[in-house]
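A.B. asks: My structure is in target15.cif, and what it holds is mmCIF, C-alpha atoms:
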```cif
data_run
#
loop_
_atom_site.label_atom_id
_atom_site.label_comp_id
_atom_site.auth_asym_id
_atom_site.auth_seq_id
_atom_site.Cartn_x
_atom_site.Cartn_y
_atom_site.Cartn_z
CA MET A 365 70.61 32.78 175.42
CA LYS A 366 70.36 36.32 174.18
CA THR A 367 69.37 35.15 170.70
CA LEU A 368 66.75 32.84 172.15
CA VAL A 369 65.21 35.72 174.08
CA ALA A 370 65.25 37.87 170.98
CA LEU A 371 63.67 35.07 168.95
CA VAL A 372 60.84 34.54 171.43
CA PHE A 373 60.21 38.26 171.53
CA CYS A 374 60.14 38.58 167.75
CA LEU A 375 57.86 35.55 167.43
CA GLY A 376 55.48 37.11 169.93
CA LEU A 377 55.41 40.38 168.03
CA ALA A 378 55.00 38.65 164.68
CA ALA A 379 52.10 36.63 166.08
CA CYS A 380 50.37 39.82 167.16
CA VAL A 381 50.74 41.38 163.74
CA THR A 382 49.63 38.37 161.67
CA ILE A 383 46.77 37.55 163.99
CA ASN A 384 45.47 41.09 163.89
CA ILE A 385 45.14 41.34 160.14
CA TYR A 386 43.28 38.03 159.90
CA PHE A 387 39.66 38.49 158.81
CA PRO A 388 37.19 36.99 161.35
CA ALA A 389 34.95 35.16 158.88
CA ALA A 390 32.70 33.53 161.48
CA ALA A 391 32.12 36.80 163.31
CA ALA A 392 31.36 38.52 160.02
CA GLU A 393 28.74 35.89 159.14
CA LYS A 394 27.14 36.30 162.52
CA ALA A 395 27.06 40.07 162.09
CA ALA A 396 25.62 39.72 158.58
CA ASP A 397 22.88 37.37 159.79
CA LYS A 398 21.92 39.77 162.54
CA ILE A 399 21.63 42.73 160.19
CA ILE A 400 19.81 40.79 157.45
CA ASP A 401 17.29 39.43 159.96
CA ASP A 402 16.59 43.01 161.06
CA VAL A 403 16.41 44.52 157.60
CA TRP A 404 14.18 41.77 156.21
CA ARG A 405 12.33 41.36 159.54
CA LEU A 406 12.90 37.62 159.46
CA GLN A 407 12.63 37.13 163.21
CA ASP A 408 9.27 38.71 164.11
CA ALA A 409 7.37 39.32 160.86
CA ALA A 410 6.88 35.73 159.70
CA PRO A 411 4.67 34.28 162.47
CA ALA A 412 2.41 37.36 162.78
CA PRO A 413 0.31 36.99 159.57
CA LYS A 414 -0.30 33.31 160.33
CA LYS A 415 -1.95 34.19 163.61
CA GLU A 416 -4.20 36.70 161.91
CA GLU A 417 -5.28 34.11 159.36
CA ALA A 418 -6.08 31.57 162.02
CA ALA A 419 -8.21 34.08 163.90
CA LYS A 420 -10.42 34.74 160.88
CA MET B 759 64.64 47.42 174.36
CA ASN B 760 68.25 46.86 175.47
CA GLY B 761 67.22 46.76 179.09
CA LEU B 762 64.92 43.86 178.37
CA PHE B 763 67.63 41.69 176.83
CA ASN B 764 70.42 42.69 179.25
CA SER B 765 68.50 41.82 182.40
CA ASN B 766 67.85 38.27 183.60
CA PRO B 767 67.14 36.20 180.44
CA MET B 768 64.44 34.14 182.14
CA GLN B 769 62.71 37.33 183.13
CA ALA B 770 62.92 38.58 179.56
CA ILE B 771 61.40 35.37 178.20
CA LYS B 772 58.61 35.62 180.72
CA SER B 773 57.84 39.20 179.73
CA SER B 774 57.93 38.32 176.03
CA VAL B 775 55.50 35.48 176.55
CA PHE B 776 53.31 37.72 178.64
CA ILE B 777 53.25 40.40 175.95
CA ALA B 778 52.37 37.78 173.33
CA MET B 779 49.55 36.48 175.50
CA LEU B 780 48.21 39.97 176.03
CA CYS B 781 48.12 40.53 172.27
CA PHE B 782 46.37 37.21 171.78
CA ALA B 783 43.78 37.96 174.45
CA ALA B 784 43.05 41.34 172.88
CA TRP B 785 42.66 39.69 169.49
CA VAL B 786 40.35 36.95 170.75
CA GLN B 787 38.10 39.56 172.26
CA ALA B 788 38.09 41.61 169.07
CA ALA B 789 37.41 38.62 166.86
CA ALA B 790 34.63 37.09 168.94
CA ASP B 791 32.18 39.61 167.54
CA LEU B 792 32.06 42.40 165.05
CA ASP B 793 30.45 45.50 166.45
CA VAL B 794 27.36 46.30 164.38
CA ALA B 795 25.71 48.65 166.86
CA THR B 796 27.58 51.81 165.86
CA PRO B 797 25.31 54.80 165.16
CA ALA B 798 26.22 54.82 161.47
CA VAL B 799 25.43 51.12 161.05
CA SER B 800 22.13 51.42 162.96
CA ALA B 801 21.04 54.37 160.84
CA LEU B 802 21.77 52.48 157.62
CA LYS B 803 19.97 49.42 158.93
CA ASN B 804 16.84 51.45 159.75
CA SER B 805 16.88 53.10 156.35
CA MET B 806 17.16 49.72 154.61
CA GLN B 807 14.48 48.21 156.83
CA ALA B 808 12.06 50.98 155.84
CA ARG B 809 12.91 50.61 152.16
CA HIS B 810 12.37 46.87 152.27
CA ALA B 811 8.61 47.44 152.47
CA GLN B 812 8.82 48.81 148.92
CA LEU B 813 11.40 46.33 147.67
CA ALA B 814 9.80 43.09 148.90
CA ALA B 815 7.17 42.98 146.14
CA HIS B 816 9.84 43.51 143.48
CA TYR B 817 11.99 40.67 144.82
CA ALA B 818 8.92 38.42 144.74
CA SER B 819 7.94 39.41 141.18
CA GLY B 820 11.50 38.89 139.95
CA ALA B 821 11.85 42.51 138.90
CA ILE B 822 14.82 42.91 141.22
CA GLY B 823 17.44 40.28 141.94
CA LEU B 824 20.24 39.86 144.46
CA THR B 825 23.64 40.20 142.84
CA LYS B 826 26.62 38.02 143.69
CA ASP B 827 28.50 41.02 145.03
CA GLY B 828 26.02 41.78 147.82
CA LEU B 829 23.99 44.44 146.01
CA ILE B 830 20.69 44.39 144.11
CA ALA B 831 19.92 44.97 140.44
CA LEU B 832 16.92 45.58 138.21
CA ARG B 833 16.67 42.41 136.11
CA ASP B 834 13.20 42.56 134.55
CA THR B 835 11.56 45.94 134.03
CA THR B 836 8.43 44.36 132.58
CA ALA B 837 7.72 42.77 135.96
CA VAL B 838 7.49 46.21 137.55
CA PRO B 839 3.92 47.57 137.82
CA LEU B 840 3.49 50.72 135.70
CA LYS B 841 2.91 52.91 138.71
CA ASP B 842 6.31 51.91 140.14
CA ARG B 843 8.38 52.12 136.98
CA GLN B 844 9.43 55.70 137.34
CA GLY B 845 10.82 55.30 140.81
CA ILE B 846 12.35 51.84 140.50
CA ASN B 847 15.82 52.95 139.43
CA ALA B 848 16.06 55.45 142.24
CA LEU B 849 14.92 52.76 144.67
CA VAL B 850 17.63 50.33 143.51
CA THR B 851 20.30 53.04 143.58
CA ALA B 852 19.31 54.15 147.08
CA GLU B 853 19.42 50.58 148.36
CA ASN B 854 22.81 49.93 146.79
CA ASN B 855 24.23 53.16 148.21
CA ASP B 856 23.07 52.08 151.67
CA ARG B 857 24.51 48.60 151.22
CA VAL B 858 27.92 49.90 150.11
CA ALA B 859 27.92 52.34 153.02
CA LEU B 860 26.90 49.56 155.41
CA TYR B 861 29.82 47.31 154.42
CA LYS B 862 32.20 50.25 154.70
CA GLU B 863 30.86 51.33 158.09
CA ILE B 864 31.06 47.84 159.59
CA ALA B 865 34.70 47.57 158.50
CA ALA B 866 35.57 51.06 159.69
CA GLY B 867 33.59 50.70 162.92
CA ASN B 868 35.70 47.69 163.83
CA GLY B 869 38.97 49.44 163.09
CA HIS B 870 39.69 47.55 159.87
CA PRO B 871 38.59 49.55 156.81
CA GLU B 872 40.48 47.02 154.66
CA TRP B 873 37.93 44.33 155.60
CA ARG B 874 35.24 46.10 153.54
CA GLY B 875 35.54 43.75 150.55
CA GLU B 876 35.49 40.61 152.66
CA ILE B 877 32.49 41.88 154.62
CA GLN B 878 30.71 42.60 151.35
CA ASN B 879 31.46 39.04 150.15
CA THR B 880 30.17 37.59 153.40
CA PHE B 881 26.95 39.58 153.10
CA ALA B 882 26.54 38.57 149.45
CA GLY B 883 26.36 34.91 150.47
CA ARG B 884 24.11 35.52 153.44
CA TRP B 885 21.57 37.70 151.57
CA ILE B 886 21.15 34.88 149.04
CA ASP B 887 20.98 32.16 151.72
CA LYS B 888 18.26 34.04 153.56
CA ALA B 889 16.30 35.08 150.46
CA GLN B 890 12.78 33.74 150.16
CA ALA B 891 11.87 31.03 147.65
CA GLY B 892 10.98 32.56 144.31
CA TRP B 893 13.42 35.44 144.59
CA TYR B 894 16.14 35.76 141.97
CA TYR B 895 19.86 35.80 142.68
CA GLU B 896 22.90 36.05 140.49
CA SER B 897 25.01 32.93 140.05
CA GLY B 898 27.97 33.16 137.71
CA SER B 899 26.60 35.35 134.92
CA ALA B 900 23.00 34.08 135.08
CA TRP B 901 19.96 34.78 137.24
CA VAL B 902 18.67 31.84 139.23
CA LYS B 903 15.22 31.55 140.79
CA LYS B 904 15.48 30.32 144.35
#
```
Could you spell out this file's structure in structure tokens?
C.D. replies:
Amino acid sequence: MKTLVALVFCLGLAACVTINIYFPAAAAEKAADKIIDDVWRLQDAAPAPKKEEAAK
Amino acid sequence: MNGLFNSNPMQAIKSSVFIAMLCFAAWVQAAADLDVATPAVSALKNSMQARHAQLAAHYASGAIGLTKDGLIALRDTTAVPLKDRQGINALVTAENNDRVALYKEIAAGNGHPEWRGEIQNTFAGRWIDKAQAGWYYESGSAWVKK
């Protein structure tokens, strides 16, 4: 019983350690998209010139 | 530690599982999003946003291309208008310094400085994906027009 308890405990600890060093690829892509959209003004800049053209 | 194993075994298993779940919950919360709103990251983003006004024309002309490692490079000096030639190298260097700092700050700001390389790789792919048609990017050892 004692070994079982120790095993569960070690597994739990090991899970924490391995999980924590794992690189969150999806979160990183989301973060990259957010920053790139801001830096290149992809969200608000594109539709604006069109409007101006249409008004002329 | 000894106290945990010497007491009621069922109780010990329960606490172990509980500890594991706590760790998992903390990880899930950390992984759901990377924090990109730190002051250092915001400052770099603003600086790059301002510089983009100067860089955009050079991406479009093919003078500057996006490298496969998430930076930019001067690929065709002849495409740079004469009036811009003197400052173009400084412009590219400044942008690359900001980009390197950005990748480093995102990794550090999220408590994992060792993620810097992976963050840089992620950005490299996303810059190219989001680049406008006609811009050049590096693929293998050649420049490709998007």
A.B. asks: Got a sec: who's within 12 Å of Ala882 of chain B, counting only C-alpha atoms, leaving out chain neighbours fewer than 3 positions off, as a PyMOL selection string?
C.D. replies: (chain A and resi 392-393+396-397+400) or (chain B and resi 823-830+857-858+861+875-879+885-889+895-897)
A.B. asks: Expressed in Å to a single decimal, how great is the separation between atom CA of Ala391 of chain A and atom CA of Ser800 of chain B?
C.D. replies: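 Answer for the atom CA of Ala391 of chain A to atom CA of Ser800 of chain B separation: 17.7 Å.
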A.B. asks: Please provide the set of residues having any atom within 7 Å of Val403 of chain A, restricted to all atoms listed in the file, with same-chain residues fewer than 4 positions apart removed, written as a list in words.
C.D. replies: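 Here the answer would be Ile399 of chain A; Lys803, Met806 and Gln807 of chain B.
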A.B. asks: Would you write out those residues with C-alpha atoms, as a PDB file, keeping the file's coordinate frame?
C.D. replies:
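out-v2.pdb, written as the output of this step:
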```pdb
ATOM      1  CA  ILE A 399      21.630  42.730 160.190  1.00  0.00           C
TER       2      ILE A 399
ATOM      3  CA  LYS B 803      19.970  49.420 158.930  1.00  0.00           C
ATOM      4  CA  MET B 806      17.160  49.720 154.610  1.00  0.00           C
ATOM      5  CA  GLN B 807      14.480  48.210 156.830  1.00  0.00           C
TER       6      GLN B 807
END
```
A.B. asks: Check which residues satisfy the PyMOL selection byres ((chain A) within 9 of (chain B)) in the file shown, then give them as a PyMOL selection string.
C.D. replies: chain A and resi 365-366+368-370+372-377+379-381+383-385+387-406
A.B. asks: Mind giving me the straight-line distance from atom CA of Ala891 of chain B to atom CA of Asp856 of chain B in Å, one decimal?
C.D. replies: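 Atom-to-atom, atom CA of Ala891 of chain B to atom CA of Asp856 of chain B, that is 24.2 Å.
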